[in-house]
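Pasted below: protein-v7.txt, compact mmCIF, C-alpha atoms (C1' of nucleotides).
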# COMPACT_ATOMS: atom_id res chain seq x y z
CA MET T 954 33.93 -26.79 -26.92
CA LEU T 955 30.51 -27.50 -28.34
CA ARG T 956 29.34 -25.43 -31.29
CA LEU T 957 25.74 -25.16 -32.38
CA SER T 958 23.88 -23.10 -34.96
CA THR T 959 22.46 -19.69 -34.12
CA GLU T 960 18.90 -21.01 -34.51
CA THR T 961 19.52 -23.79 -31.99
CA ARG T 962 21.24 -21.48 -29.53
CA GLN T 963 18.49 -18.89 -29.82
CA ALA T 964 15.91 -21.54 -28.98
CA GLN T 965 18.02 -22.75 -26.05
CA ILE T 966 18.43 -19.23 -24.74
CA LYS T 967 14.73 -18.43 -24.95
CA GLU T 968 13.89 -21.70 -23.23
CA ALA T 969 16.37 -20.91 -20.47
CA VAL T 970 14.81 -17.48 -19.99
CA LEU T 971 11.39 -18.95 -19.31
CA GLU T 972 12.79 -21.60 -17.00
CA ILE T 973 14.68 -19.04 -14.93
CA ILE T 974 11.63 -16.79 -14.68
CA SER T 975 9.27 -19.55 -13.61
CA THR T 976 11.59 -21.21 -11.12
CA GLU T 977 13.84 -18.47 -9.77
CA GLY T 978 11.96 -15.26 -10.49
CA LEU T 979 12.56 -12.37 -12.83
CA ALA T 980 15.27 -10.86 -10.63
CA LYS T 981 17.53 -13.83 -11.37
CA LEU T 982 17.29 -13.27 -15.08
CA SER T 983 20.77 -11.79 -15.46
CA THR T 984 22.89 -12.42 -18.51
CA LYS T 985 25.38 -14.19 -16.27
CA ASN T 986 22.72 -16.54 -14.89
CA LEU T 987 21.26 -17.05 -18.32
CA ALA T 988 24.61 -18.02 -19.84
CA ALA T 989 25.20 -20.48 -17.01
CA LYS T 990 21.77 -22.06 -17.56
CA VAL T 991 22.45 -22.51 -21.27
CA GLY T 992 25.96 -23.75 -20.54
CA VAL T 993 27.92 -21.12 -22.46
CA SER T 994 29.81 -17.93 -21.68
CA GLU T 995 28.12 -14.55 -21.54
CA GLY T 996 29.82 -13.57 -24.76
CA ALA T 997 28.12 -16.43 -26.57
CA ILE T 998 24.71 -15.03 -25.65
CA TYR T 999 25.60 -11.85 -27.50
CA ARG T 1000 26.62 -13.82 -30.57
CA HIS T 1001 22.99 -14.82 -31.01
CA PHE T 1002 21.09 -11.84 -29.67
CA LYS T 1003 22.14 -8.23 -29.86
CA SER T 1004 20.76 -7.38 -26.43
CA LYS T 1005 18.86 -8.83 -23.50
CA LYS T 1006 15.79 -6.89 -24.52
CA ASP T 1007 16.01 -8.51 -27.93
CA ILE T 1008 15.67 -11.93 -26.34
CA LEU T 1009 12.52 -10.88 -24.53
CA LEU T 1010 11.07 -9.33 -27.68
CA SER T 1011 11.75 -12.54 -29.57
CA ILE T 1012 9.91 -14.54 -26.91
CA ILE T 1013 6.94 -12.18 -27.11
CA GLU T 1014 6.86 -12.64 -30.86
CA ASP T 1015 6.78 -16.38 -30.31
CA VAL T 1016 3.63 -15.92 -28.25
CA TYR T 1017 2.05 -14.22 -31.19
CA THR T 1018 2.96 -16.86 -33.74
CA ASN T 1019 2.40 -19.86 -31.47
CA LEU T 1020 -0.71 -18.78 -29.61
CA VAL T 1021 -2.48 -15.78 -31.10
CA VAL T 1022 -2.30 -17.00 -34.70
CA ASN T 1023 -3.75 -20.29 -33.50
CA GLN T 1024 -6.52 -18.51 -31.63
CA LYS T 1025 -7.28 -16.50 -34.74
CA GLU T 1026 -7.95 -19.72 -36.63
CA ILE T 1027 -10.27 -20.91 -33.89
CA ALA T 1028 -12.18 -17.63 -33.87
CA ASN T 1029 -12.69 -17.81 -37.63
CA SER T 1030 -13.68 -21.48 -37.69
CA GLU T 1031 -17.14 -22.96 -38.15
CA MET T 1032 -17.65 -24.28 -34.60
CA VAL T 1033 -20.77 -23.78 -32.54
CA SER T 1034 -20.33 -20.65 -30.43
CA SER T 1035 -20.02 -22.31 -27.03
CA ILE T 1036 -17.52 -24.86 -28.29
CA LYS T 1037 -15.61 -22.18 -30.11
CA LEU T 1038 -15.25 -20.10 -26.96
CA TYR T 1039 -14.28 -23.17 -24.95
CA THR T 1040 -11.60 -24.17 -27.46
CA PHE T 1041 -10.30 -20.61 -27.66
CA PHE T 1042 -10.10 -20.31 -23.89
CA CYS T 1043 -8.50 -23.70 -23.26
CA LYS T 1044 -5.88 -23.13 -25.94
CA GLN T 1045 -4.81 -20.01 -24.07
CA ILE T 1046 -4.81 -21.64 -20.63
CA GLN T 1047 -2.88 -24.69 -21.79
CA TYR T 1048 -0.31 -22.54 -23.54
CA LEU T 1049 0.28 -20.61 -20.34
CA ILE T 1050 0.53 -23.74 -18.24
CA HIS T 1051 3.12 -25.20 -20.58
CA ASN T 1052 5.04 -21.92 -20.78
CA LYS T 1053 4.90 -20.91 -17.17
CA GLY T 1054 7.19 -17.92 -17.38
CA ILE T 1055 5.29 -16.23 -20.20
CA THR T 1056 2.68 -14.30 -18.26
CA ILE T 1057 5.17 -13.09 -15.71
CA LEU T 1058 7.45 -11.99 -18.49
CA LEU T 1059 4.66 -10.24 -20.34
CA PHE T 1060 2.97 -8.40 -17.52
CA SER T 1061 5.65 -8.06 -14.91
CA GLU T 1062 8.45 -7.08 -17.22
CA ALA T 1063 6.21 -4.64 -19.07
CA THR T 1064 5.26 -2.87 -15.86
CA HIS T 1065 8.78 -3.20 -14.56
CA THR T 1066 10.81 -1.70 -17.34
CA ASN T 1067 8.25 0.77 -18.66
CA ASP T 1068 9.87 0.08 -22.01
CA SER T 1069 7.75 1.42 -24.86
CA ILE T 1070 8.57 -1.26 -27.45
CA LEU T 1071 7.94 -4.04 -24.95
CA LYS T 1072 4.64 -2.46 -23.97
CA GLU T 1073 3.64 -2.04 -27.58
CA LYS T 1074 4.19 -5.71 -28.33
CA LEU T 1075 2.31 -6.74 -25.21
CA LEU T 1076 -0.58 -4.46 -26.05
CA LYS T 1077 -0.67 -5.90 -29.55
CA ILE T 1078 -1.14 -9.41 -28.15
CA LEU T 1079 -3.71 -8.35 -25.56
CA LYS T 1080 -5.70 -6.34 -28.09
CA ALA T 1081 -5.62 -9.14 -30.64
CA GLN T 1082 -6.92 -11.63 -28.09
CA LYS T 1083 -9.57 -9.23 -26.88
CA THR T 1084 -10.72 -8.51 -30.42
CA LEU T 1085 -10.99 -12.21 -31.24
CA LEU T 1086 -12.84 -12.87 -28.01
CA LYS T 1087 -15.29 -10.08 -28.66
CA GLN T 1088 -15.82 -11.41 -32.16
CA ILE T 1089 -16.70 -14.85 -30.79
CA VAL T 1090 -19.07 -13.47 -28.18
CA ALA T 1091 -20.75 -11.06 -30.60
CA GLU T 1092 -21.33 -13.92 -33.00
CA GLY T 1093 -22.80 -16.06 -30.22
CA ILE T 1094 -25.13 -13.28 -29.20
CA SER T 1095 -26.32 -12.59 -32.73
CA ASN T 1096 -27.08 -16.26 -33.41
CA GLY T 1097 -29.09 -16.50 -30.21
CA SER T 1098 -26.69 -18.66 -28.19
CA TRP T 1099 -26.08 -16.03 -25.56
CA ASN T 1100 -27.76 -13.17 -23.77
CA LYS T 1101 -28.14 -9.95 -25.76
CA SER T 1102 -27.81 -7.69 -22.73
CA ILE T 1103 -24.24 -8.45 -21.71
CA ASP T 1104 -21.56 -5.91 -22.51
CA ILE T 1105 -18.94 -7.50 -24.72
CA ASN T 1106 -16.15 -5.22 -23.56
CA ASP T 1107 -16.82 -5.88 -19.90
CA PHE T 1108 -16.92 -9.59 -20.52
CA ALA T 1109 -13.58 -9.38 -22.31
CA THR T 1110 -12.03 -7.51 -19.40
CA LEU T 1111 -13.23 -10.11 -16.93
CA TYR T 1112 -12.00 -12.88 -19.20
CA MET T 1113 -8.50 -11.41 -19.48
CA GLY T 1114 -8.10 -11.49 -15.72
CA ILE T 1115 -8.25 -15.29 -15.70
CA PRO T 1116 -4.93 -16.04 -17.42
CA VAL T 1117 -3.21 -13.53 -15.19
CA ILE T 1118 -4.60 -14.88 -11.94
CA LEU T 1119 -3.75 -18.39 -13.15
CA ASN T 1120 -0.12 -17.42 -13.39
CA ILE T 1121 -0.10 -15.70 -10.04
CA GLU T 1122 -1.58 -18.76 -8.40
CA MET T 1123 1.02 -20.94 -10.09
CA VAL T 1124 3.85 -18.77 -8.81
CA LEU T 1125 2.58 -18.26 -5.30
CA ASN T 1126 1.01 -21.67 -4.69
CA LYS T 1127 3.65 -23.61 -6.58
CA GLU T 1128 2.87 -27.03 -5.19
CA ASN T 1129 -0.81 -27.25 -4.34
CA PHE T 1130 -2.36 -25.53 -7.31
CA ASN T 1131 -4.32 -27.94 -9.45
CA HIS T 1132 -4.49 -26.66 -12.99
CA GLU T 1133 -5.76 -29.79 -14.69
CA GLU T 1134 -9.42 -28.91 -14.45
CA PHE T 1135 -8.82 -25.17 -14.26
CA CYS T 1136 -9.98 -24.58 -17.81
CA ASN T 1137 -13.30 -26.42 -17.38
CA ARG T 1138 -14.09 -24.89 -14.02
CA MET T 1139 -13.47 -21.33 -15.15
CA PHE T 1140 -15.37 -21.88 -18.39
CA SER T 1141 -18.46 -23.01 -16.55
CA LEU T 1142 -18.46 -19.68 -14.70
CA LEU T 1143 -18.04 -17.76 -17.94
CA GLU T 1144 -20.97 -19.68 -19.42
CA ARG T 1145 -23.19 -18.64 -16.54
CA ILE T 1146 -22.54 -15.03 -17.48
CA LEU T 1147 -23.34 -15.56 -21.12
CA LYS T 1148 -26.40 -17.78 -20.92
CA PRO T 1149 -29.68 -16.15 -21.95
CA MET M 1182 17.94 22.20 5.40
CA LEU M 1183 14.45 21.02 6.22
CA ARG M 1184 14.01 18.57 9.06
CA LEU M 1185 10.89 16.50 9.59
CA SER M 1186 9.92 13.73 11.98
CA THR M 1187 10.55 10.08 11.15
CA GLU M 1188 6.82 9.43 10.89
CA THR M 1189 6.37 12.20 8.34
CA ARG M 1190 9.37 11.13 6.32
CA GLN M 1191 8.29 7.49 6.33
CA ALA M 1192 4.91 8.51 4.97
CA GLN M 1193 6.57 10.69 2.32
CA ILE M 1194 8.91 7.90 1.31
CA LYS M 1195 6.12 5.35 0.98
CA GLU M 1196 4.05 7.79 -1.03
CA ALA M 1197 7.01 8.44 -3.33
CA VAL M 1198 7.47 4.71 -3.84
CA LEU M 1199 3.93 4.27 -5.13
CA GLU M 1200 4.19 7.33 -7.33
CA ILE M 1201 7.41 6.14 -8.93
CA ILE M 1202 5.97 2.68 -9.53
CA SER M 1203 2.76 3.91 -11.12
CA THR M 1204 4.32 6.58 -13.31
CA GLU M 1205 7.84 5.38 -14.12
CA GLY M 1206 7.72 1.64 -13.52
CA LEU M 1207 9.30 -0.61 -10.94
CA ALA M 1208 12.71 -0.50 -12.61
CA LYS M 1209 13.01 3.18 -11.72
CA LEU M 1210 12.47 2.46 -8.04
CA SER M 1211 16.11 2.93 -7.05
CA THR M 1212 17.10 4.45 -3.74
CA LYS M 1213 18.69 7.29 -5.67
CA ASN M 1214 15.49 8.01 -7.59
CA LEU M 1215 13.43 7.63 -4.46
CA ALA M 1216 15.55 10.09 -2.50
CA ALA M 1217 15.28 12.60 -5.34
CA LYS M 1218 11.50 12.24 -5.43
CA VAL M 1219 11.25 12.86 -1.68
CA GLY M 1220 13.72 15.71 -1.96
CA VAL M 1221 16.41 14.40 0.39
CA SER M 1222 19.73 12.59 0.11
CA GLU M 1223 20.00 8.83 -0.09
CA GLY M 1224 21.41 8.72 3.39
CA ALA M 1225 18.24 10.30 4.75
CA ILE M 1226 16.19 7.40 3.40
CA TYR M 1227 18.24 5.06 5.55
CA ARG M 1228 17.61 7.19 8.62
CA HIS M 1229 13.95 6.21 8.46
CA PHE M 1230 14.05 2.71 7.01
CA LYS M 1231 16.72 0.13 7.57
CA SER M 1232 16.52 -1.21 4.01
CA LYS M 1233 14.67 -0.83 0.73
CA LYS M 1234 12.87 -4.09 1.36
CA ASP M 1235 11.68 -2.69 4.68
CA ILE M 1236 9.94 0.15 2.86
CA LEU M 1237 8.08 -2.29 0.64
CA LEU M 1238 7.11 -4.45 3.61
CA SER M 1239 5.77 -1.40 5.40
CA ILE M 1240 3.64 -0.51 2.37
CA ILE M 1241 2.26 -4.04 2.23
CA GLU M 1242 1.35 -3.82 5.90
CA ASP M 1243 -0.49 -0.60 5.13
CA VAL M 1244 -2.61 -2.50 2.64
CA TYR M 1245 -3.58 -4.89 5.37
CA THR M 1246 -4.55 -2.23 7.90
CA ASN M 1247 -6.14 0.17 5.42
CA LEU M 1248 -7.95 -2.26 3.15
CA VAL M 1249 -8.19 -5.80 4.47
CA VAL M 1250 -9.22 -4.81 8.00
CA ASN M 1251 -11.90 -2.65 6.43
CA GLN M 1252 -13.08 -5.48 4.22
CA LYS M 1253 -13.21 -7.73 7.27
CA GLU M 1254 -15.70 -5.35 8.87
CA ILE M 1255 -17.83 -5.37 5.76
CA ALA M 1256 -17.82 -9.16 5.58
CA ASN M 1257 -18.94 -9.41 9.20
CA SER M 1258 -21.62 -6.73 8.93
CA GLU M 1259 -25.38 -7.20 8.75
CA MET M 1260 -25.89 -6.15 5.15
CA VAL M 1261 -27.98 -8.06 2.63
CA SER M 1262 -25.73 -10.46 0.74
CA SER M 1263 -25.74 -8.73 -2.64
CA ILE M 1264 -25.09 -5.33 -1.10
CA LYS M 1265 -22.40 -6.78 1.12
CA LEU M 1266 -20.56 -8.27 -1.84
CA TYR M 1267 -20.94 -5.04 -3.80
CA THR M 1268 -19.56 -2.96 -0.94
CA PHE M 1269 -16.71 -5.40 -0.37
CA PHE M 1270 -15.79 -5.41 -4.06
CA CYS M 1271 -16.02 -1.65 -4.58
CA LYS M 1272 -13.92 -0.95 -1.50
CA GLN M 1273 -11.17 -3.03 -3.03
CA ILE M 1274 -11.43 -1.49 -6.48
CA GLN M 1275 -11.48 2.06 -5.18
CA TYR M 1276 -8.50 1.43 -2.95
CA LEU M 1277 -6.52 0.15 -5.92
CA ILE M 1278 -7.54 3.08 -8.10
CA HIS M 1279 -6.42 5.54 -5.44
CA ASN M 1280 -3.19 3.65 -4.78
CA LYS M 1281 -2.22 2.86 -8.33
CA GLY M 1282 1.17 1.37 -7.62
CA ILE M 1283 -0.06 -1.15 -5.07
CA THR M 1284 -1.02 -4.04 -7.31
CA ILE M 1285 2.13 -3.75 -9.37
CA LEU M 1286 4.17 -3.68 -6.20
CA LEU M 1287 2.37 -6.66 -4.73
CA PHE M 1288 2.31 -8.99 -7.70
CA SER M 1289 5.19 -7.84 -9.82
CA GLU M 1290 7.67 -7.42 -7.01
CA ALA M 1291 6.66 -10.74 -5.48
CA THR M 1292 7.27 -12.59 -8.73
CA HIS M 1293 10.33 -10.51 -9.39
CA THR M 1294 12.35 -10.84 -6.24
CA ASN M 1295 11.32 -14.32 -5.21
CA ASP M 1296 11.76 -13.01 -1.69
CA SER M 1297 10.14 -15.31 0.85
CA ILE M 1298 9.07 -12.69 3.40
CA LEU M 1299 7.57 -10.50 0.70
CA LYS M 1300 5.71 -13.48 -0.75
CA GLU M 1301 4.47 -14.49 2.67
CA LYS M 1302 2.98 -11.06 3.32
CA LEU M 1303 1.39 -10.99 -0.12
CA LEU M 1304 -0.09 -14.45 0.33
CA LYS M 1305 -1.47 -13.39 3.69
CA ILE M 1306 -3.39 -10.54 2.08
CA LEU M 1307 -4.62 -12.62 -0.83
CA LYS M 1308 -5.74 -15.46 1.41
CA ALA M 1309 -7.47 -13.10 3.81
CA GLN M 1310 -9.40 -11.49 0.98
CA LYS M 1311 -10.26 -14.84 -0.54
CA THR M 1312 -11.46 -16.19 2.80
CA LEU M 1313 -13.66 -13.16 3.40
CA LEU M 1314 -15.06 -13.35 -0.11
CA LYS M 1315 -15.87 -17.03 0.26
CA GLN M 1316 -17.53 -16.30 3.57
CA ILE M 1317 -19.78 -13.69 1.95
CA VAL M 1318 -20.70 -15.95 -0.95
CA ALA M 1319 -21.33 -18.98 1.26
CA GLU M 1320 -23.61 -16.89 3.42
CA GLY M 1321 -25.50 -15.65 0.36
CA ILE M 1322 -25.95 -19.18 -0.90
CA SER M 1323 -27.17 -20.52 2.43
CA ASN M 1324 -29.72 -17.74 2.82
CA GLY M 1325 -31.08 -18.40 -0.65
CA SER M 1326 -29.79 -15.25 -2.34
CA TRP M 1327 -27.56 -17.11 -4.75
CA ASN M 1328 -27.29 -20.34 -6.66
CA LYS M 1329 -26.32 -23.40 -4.63
CA SER M 1330 -24.45 -25.06 -7.47
CA ILE M 1331 -21.60 -22.60 -7.94
CA ASP M 1332 -18.18 -23.52 -6.62
CA ILE M 1333 -17.09 -20.93 -4.09
CA ASN M 1334 -13.39 -21.47 -4.71
CA ASP M 1335 -13.72 -21.08 -8.45
CA PHE M 1336 -15.74 -17.93 -8.00
CA ALA M 1337 -13.08 -16.54 -5.69
CA THR M 1338 -10.36 -17.26 -8.25
CA LEU M 1339 -12.29 -15.50 -10.98
CA TYR M 1340 -12.98 -12.59 -8.65
CA MET M 1341 -9.30 -12.13 -7.77
CA GLY M 1342 -8.42 -11.71 -11.42
CA ILE M 1343 -10.42 -8.49 -11.63
CA PRO M 1344 -8.23 -6.26 -9.42
CA VAL M 1345 -5.17 -7.49 -11.28
CA ILE M 1346 -6.51 -6.87 -14.75
CA LEU M 1347 -7.72 -3.48 -13.55
CA ASN M 1348 -4.19 -2.52 -12.70
CA ILE M 1349 -2.77 -3.86 -15.93
CA GLU M 1350 -5.31 -1.87 -17.92
CA MET M 1351 -4.44 1.23 -15.93
CA VAL M 1352 -0.74 0.82 -16.64
CA LEU M 1353 -1.02 -0.10 -20.29
CA ASN M 1354 -3.95 2.10 -21.30
CA LYS M 1355 -3.00 5.02 -19.08
CA GLU M 1356 -5.11 7.66 -20.75
CA ASN M 1357 -8.21 6.05 -22.16
CA PHE M 1358 -9.17 3.65 -19.43
CA ASN M 1359 -12.37 4.69 -17.74
CA HIS M 1360 -12.45 3.35 -14.21
CA GLU M 1361 -15.35 5.37 -12.89
CA GLU M 1362 -17.99 2.79 -13.62
CA PHE M 1363 -15.59 -0.14 -13.57
CA CYS M 1364 -16.86 -1.36 -10.22
CA ASN M 1365 -20.51 -1.40 -11.24
CA ARG M 1366 -19.88 -2.99 -14.61
CA MET M 1367 -17.79 -5.82 -13.24
CA PHE M 1368 -20.18 -6.42 -10.38
CA SER M 1369 -23.11 -6.88 -12.73
CA LEU M 1370 -21.17 -9.69 -14.41
CA LEU M 1371 -20.37 -11.30 -11.07
CA GLU M 1372 -24.04 -11.15 -10.15
CA ARG M 1373 -24.96 -13.03 -13.31
CA ILE M 1374 -22.76 -15.88 -12.14
CA LEU M 1375 -24.27 -15.96 -8.68
CA LYS M 1376 -27.96 -15.55 -9.46
CA PRO M 1377 -30.11 -18.64 -8.88
C1' DA X 1054 45.12 -27.57 -48.62
C1' DA X 1055 44.21 -22.80 -48.09
C1' DT X 1056 41.00 -19.49 -46.75
C1' DA X 1057 36.86 -17.43 -44.94
C1' DT X 1058 33.16 -17.46 -41.82
C1' DA X 1059 30.66 -18.66 -37.70
C1' DT X 1060 30.73 -19.85 -32.97
C1' DG X 1061 33.08 -19.99 -28.85
C1' DT X 1062 35.96 -18.00 -24.48
C1' DG X 1063 37.83 -15.02 -20.66
C1' DA X 1064 38.87 -10.82 -19.15
C1' DG X 1065 37.52 -6.69 -19.18
C1' DT X 1066 34.41 -2.14 -19.38
C1' DA X 1067 31.46 1.88 -17.40
C1' DA X 1068 27.29 2.40 -15.04
C1' DT X 1069 24.30 1.50 -11.49
C1' DC X 1070 22.78 -0.90 -7.43
C1' DG X 1071 21.70 -0.86 -2.18
C1' DC X 1072 23.91 0.73 1.55
C1' DT X 1073 27.56 2.83 4.99
C1' DT X 1074 30.26 6.24 7.10
C1' DA X 1075 32.18 10.66 8.87
C1' DC X 1076 30.58 14.67 9.83
C1' DA X 1077 27.25 18.95 10.29
C1' DA X 1078 23.60 21.13 12.36
C1' DA X 1079 18.72 21.61 13.89
C1' DA X 1080 15.61 20.50 17.76
C1' DG X 1081 14.76 18.89 22.38
C1' DT X 1082 16.17 18.80 27.25
C1' DA X 1083 18.78 19.99 31.50
C1' DT D 81 23.42 28.10 28.08
C1' DA D 82 25.43 23.44 27.75
C1' DC D 83 24.55 18.98 26.31
C1' DT D 84 22.11 15.09 23.95
C1' DT D 85 19.45 13.35 20.43
C1' DT D 86 17.58 13.43 15.94
C1' DT D 87 17.71 14.44 11.19
C1' DG D 88 20.30 15.79 7.54
C1' DT D 89 24.43 15.68 3.78
C1' DA D 90 28.40 14.26 0.65
C1' DA D 91 31.37 10.97 -0.63
C1' DG D 92 32.33 6.57 -1.52
C1' DC D 93 31.99 1.42 -0.56
C1' DG D 94 31.87 -3.49 -2.76
C1' DA D 95 28.81 -6.01 -5.63
C1' DT D 96 26.35 -6.60 -9.72
C1' DT D 97 24.54 -5.20 -14.12
C1' DA D 98 24.39 -5.44 -19.43
C1' DC D 99 27.62 -5.56 -22.67
C1' DT D 100 32.34 -5.50 -25.50
C1' DC D 101 36.60 -7.02 -27.34
C1' DA D 102 40.82 -9.49 -28.51
C1' DC D 103 41.55 -13.79 -29.51
C1' DA D 104 40.90 -19.06 -30.46
C1' DT D 105 39.08 -22.73 -33.07
C1' DA D 106 35.51 -25.51 -35.35
C1' DT D 107 33.03 -25.65 -39.73
C1' DA D 108 32.13 -24.36 -44.61
C1' DT D 109 33.77 -22.92 -48.98
C1' DT D 110 36.96 -22.60 -52.70
Would you put the structure from the file into structure tokens?
Amino acid sequence: MLRLSTETRQAQIKEAVLEIISTEGLAKLSTKNLAAKVGVSEGAIYRHFKSKKDILLSIIEDVYTNLVVNQKEIANSEMVSSIKLYTFFCKQIQYLIHNKGITILLFSEATHTNDSILKEKLLKILKAQKTLLKQIVAEGISNGSWNKSIDINDFATLYMGIPVILNIEMVLNKENFNHEEFCNRMFSLLERILKP
Amino acid sequence: MLRLSTETRQAQIKEAVLEIISTEGLAKLSTKNLAAKVGVSEGAIYRHFKSKKDILLSIIEDVYTNLVVNQKEIANSEMVSSIKLYTFFCKQIQYLIHNKGITILLFSEATHTNDSILKEKLLKILKAQKTLLKQIVAEGISNGSWNKSIDINDFATLYMGIPVILNIEMVLNKENFNHEEFCNRMFSLLERILKP
DNA sequence: AATATATGTGAGTAATCGCTTACAAAAGTA
DNA sequence: TACTTTTGTAAGCGATTACTCACATATATT
């Protein structure tokens, strides 16, 4: 029997979680199914994570370190406002496209389990992204790039709907959804809102 | 013991489903919990619905007859384009606010169960709404109310994100989310996109 | 080489799931 | 009133869930 380090197995397990979610749906995310996908017994899963919830929490933390931290750097960079927003937005979209199960896990599981820790972590990510976004827009308004009269909070709410609807379209329209130009097309609509 | 007609019980059961979803989360939507909420035994539930899935399907059909049919009338009415879109949009938002569990049920359950019939019904609603929306926008463009250069499909995608993010905000920010002016605030952003 | 530690397995656990069944009794009908 | 139909209950069904445990063996350490 093959033996691998905890770090390697943890990565494998988390990868398997996202694959199951995006291809088979959240309902199929049982520990039995997960173990089969990784190619180990159920007991082995519990060698590397203390509970199923712990796996999900670890994945959510990955989102923070792999996406939000990156977005933070973009928000604090020296780019021109419109390019900064575009880069920020596309980073998010591309991350979601390459980690298809993430949004479902975040939103669906949070509303499904009503688990307070899970919700807290999700809220932390959402609030961080919203804060960064508002910072970018406020900066663009104050330097004259964008219209002074738009409400930053409302814009942020509208913005946050895009990643979610992207994921829903990917799940429901699996085959014929074209997400290559999705980022550019949506950004051009956002720009129309912001322009003076 | 109290005896009520099937029609009354079905309505009670469907109401209880939405209440459980919006207050306790989808995970708590067990037949046991549901029966307790209605105030009957589990067996009684199965007197009035042949399966749990049947209850959910019936709720989804209610969305069609109570919301989509109504939106269809608005789309085919004689209103001025901007007022038509506003009415169409607000009808949808208000329906979701008064039926808090609906969006979670629709999107979360569809991605959760991977059930084909459920997905089909959901897609039917989404596509109907999208088609009506595109019809309204196309009409507004052709009569000169709105900008010719905007892509109707992209606009529809952006639009559909709003109801979803509304529901997520309601679930996650239960107390401090103000949805009274939500409709007006979001609509003013949509108008900025459409204006010539 | 001897020992300790880390990673694996297979068979189990109690709890919960959606759902069924045998039976009781209220409401409708003759 | 006698009978049928409808609506209810209590108990329990097999299946599945997340998870545990006794045990085996590969790897690291001494």
With chain M as the partner and 10 Å as the cut-off, tabulate the residues of chain X that qualify, each row holding the nearest pair of atoms and their distance in Å to one decimal, using all atoms listed in the file, sorted by chain and rising number, as a tab-separated table.
residue	atom	partner	partner_atom	distance
X:DT1069	C1'	M:Ser1211	CA	9.4
X:DC1070	C1'	M:Ser1211	CA	7.7
X:DG1071	C1'	M:Thr1212	CA	7.2
X:DC1072	C1'	M:Ser1232	CA	8.0
X:DT1073	C1'	M:Gly1224	CA	8.7
X:DT1074	C1'	M:Gly1224	CA	9.9
X:DA1078	C1'	M:Met1182	CA	9.0
X:DA1079	C1'	M:Arg1184	CA	7.4
X:DA1080	C1'	M:Arg1184	CA	9.1
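The space separating atom CA of T:Tyr1039 from atom CA of M:Leu1339 comes to 16.1 Å.
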Could you please tell me, as a ChimeraX atom specification, which residues of chain D have an atom within 8 Å of chain M when using all atoms listed in the file?
-> /D:87-89
Can you tell me, as number ranges by chain, what residues are no more than 12 Å from T:Glu1073 when counting all atoms listed in the file, ignoring any on the same chain fewer than 6 positions away?
-> T: 1010, 1013-1014, 1059-1060, 1063-1064, 1067, 1079-1080; M: 1353-1354
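If you look at atom CA of T:Ser1095 and atom CA of M:Arg1366, they are 21.5 Å away from each other.
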If you count all atoms listed in the file, which residues fall within 8 Å of T:Met1113, apart from same-chain ones fewer than 4 positions away, as a list in words?
-> Lys1083, Ala1109 and Val1117 of chain T; Ile1346 of chain M
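Candidate residues M:Glu1254, M:Ile1317, M:His1360, M:Pro1344 were compared for distance to chain T, and the nearest is M:Pro1344, using all atoms listed in the file.
Interatomic distance, atom CA of M:Leu1210 to atom CA of T:Asn1120: 24.1 Å.
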Taking only C-alpha atoms into account, which residues of chain T are within 9 Å of chain M, as number ranges by chain?
-> T: 974-975, 977-981, 1057, 1060-1068, 1072-1073, 1075-1076, 1103-1104, 1107-1108, 1110-1119, 1121-1122, 1124-1126, 1135, 1138-1139, 1142-1147
Shell of 10 Å around T:Gln1088, all atoms listed in the file, local chain residues under 6 positions omitted, as an mmCIF file with C-alpha atoms, keeping the file's coordinate frame:
data_model
loop_
_atom_site.group_PDB
_atom_site.id
_atom_site.type_symbol
_atom_site.label_atom_id
_atom_site.label_comp_id
_atom_site.auth_asym_id
_atom_site.auth_seq_id
_atom_site.Cartn_x
_atom_site.Cartn_y
_atom_site.Cartn_z
ATOM 1 C CA ALA T 1028 -12.180 -17.630 -33.870
ATOM 2 C CA ASN T 1029 -12.690 -17.810 -37.630
ATOM 3 C CA GLN T 1082 -6.920 -11.630 -28.090
ATOM 4 C CA ILE T 1094 -25.130 -13.280 -29.200
ATOM 5 C CA ILE T 1105 -18.940 -7.500 -24.720
#
Shell around T:Cys1136 at 8 Å using only C-alpha atoms (C1' of nucleotides), local window under 6 positions removed, as an NGL selection string | :T and (1042-1043 or 1046)
Tell me which protein, DNA and RNA residues are within 12 Å of X:DA1067, counting all atoms listed in the file, leaving out same-chain ones fewer than 2 positions away, and put them as JSON, numbers by chain.
-> {"X": [1065, 1069], "D": [97, 98, 99, 100]}
Write the residues of the selection above to a file with C-alpha atoms (C1' of nucleotides), as a PDB file, keeping the file's coordinate frame.
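The resulting file, selection29.pdb, is shown below:
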ATOM      1  C1'  DG X1065      37.520  -6.690 -19.180  1.00  0.00           C
ATOM      2  C1'  DT X1069      24.300   1.500 -11.490  1.00  0.00           C
TER       3       DT X1069
ATOM      4  C1'  DT D  97      24.540  -5.200 -14.120  1.00  0.00           C
ATOM      5  C1'  DA D  98      24.390  -5.440 -19.430  1.00  0.00           C
ATOM      6  C1'  DC D  99      27.620  -5.560 -22.670  1.00  0.00           C
ATOM      7  C1'  DT D 100      32.340  -5.500 -25.500  1.00  0.00           C
TER       8       DT D 100
END
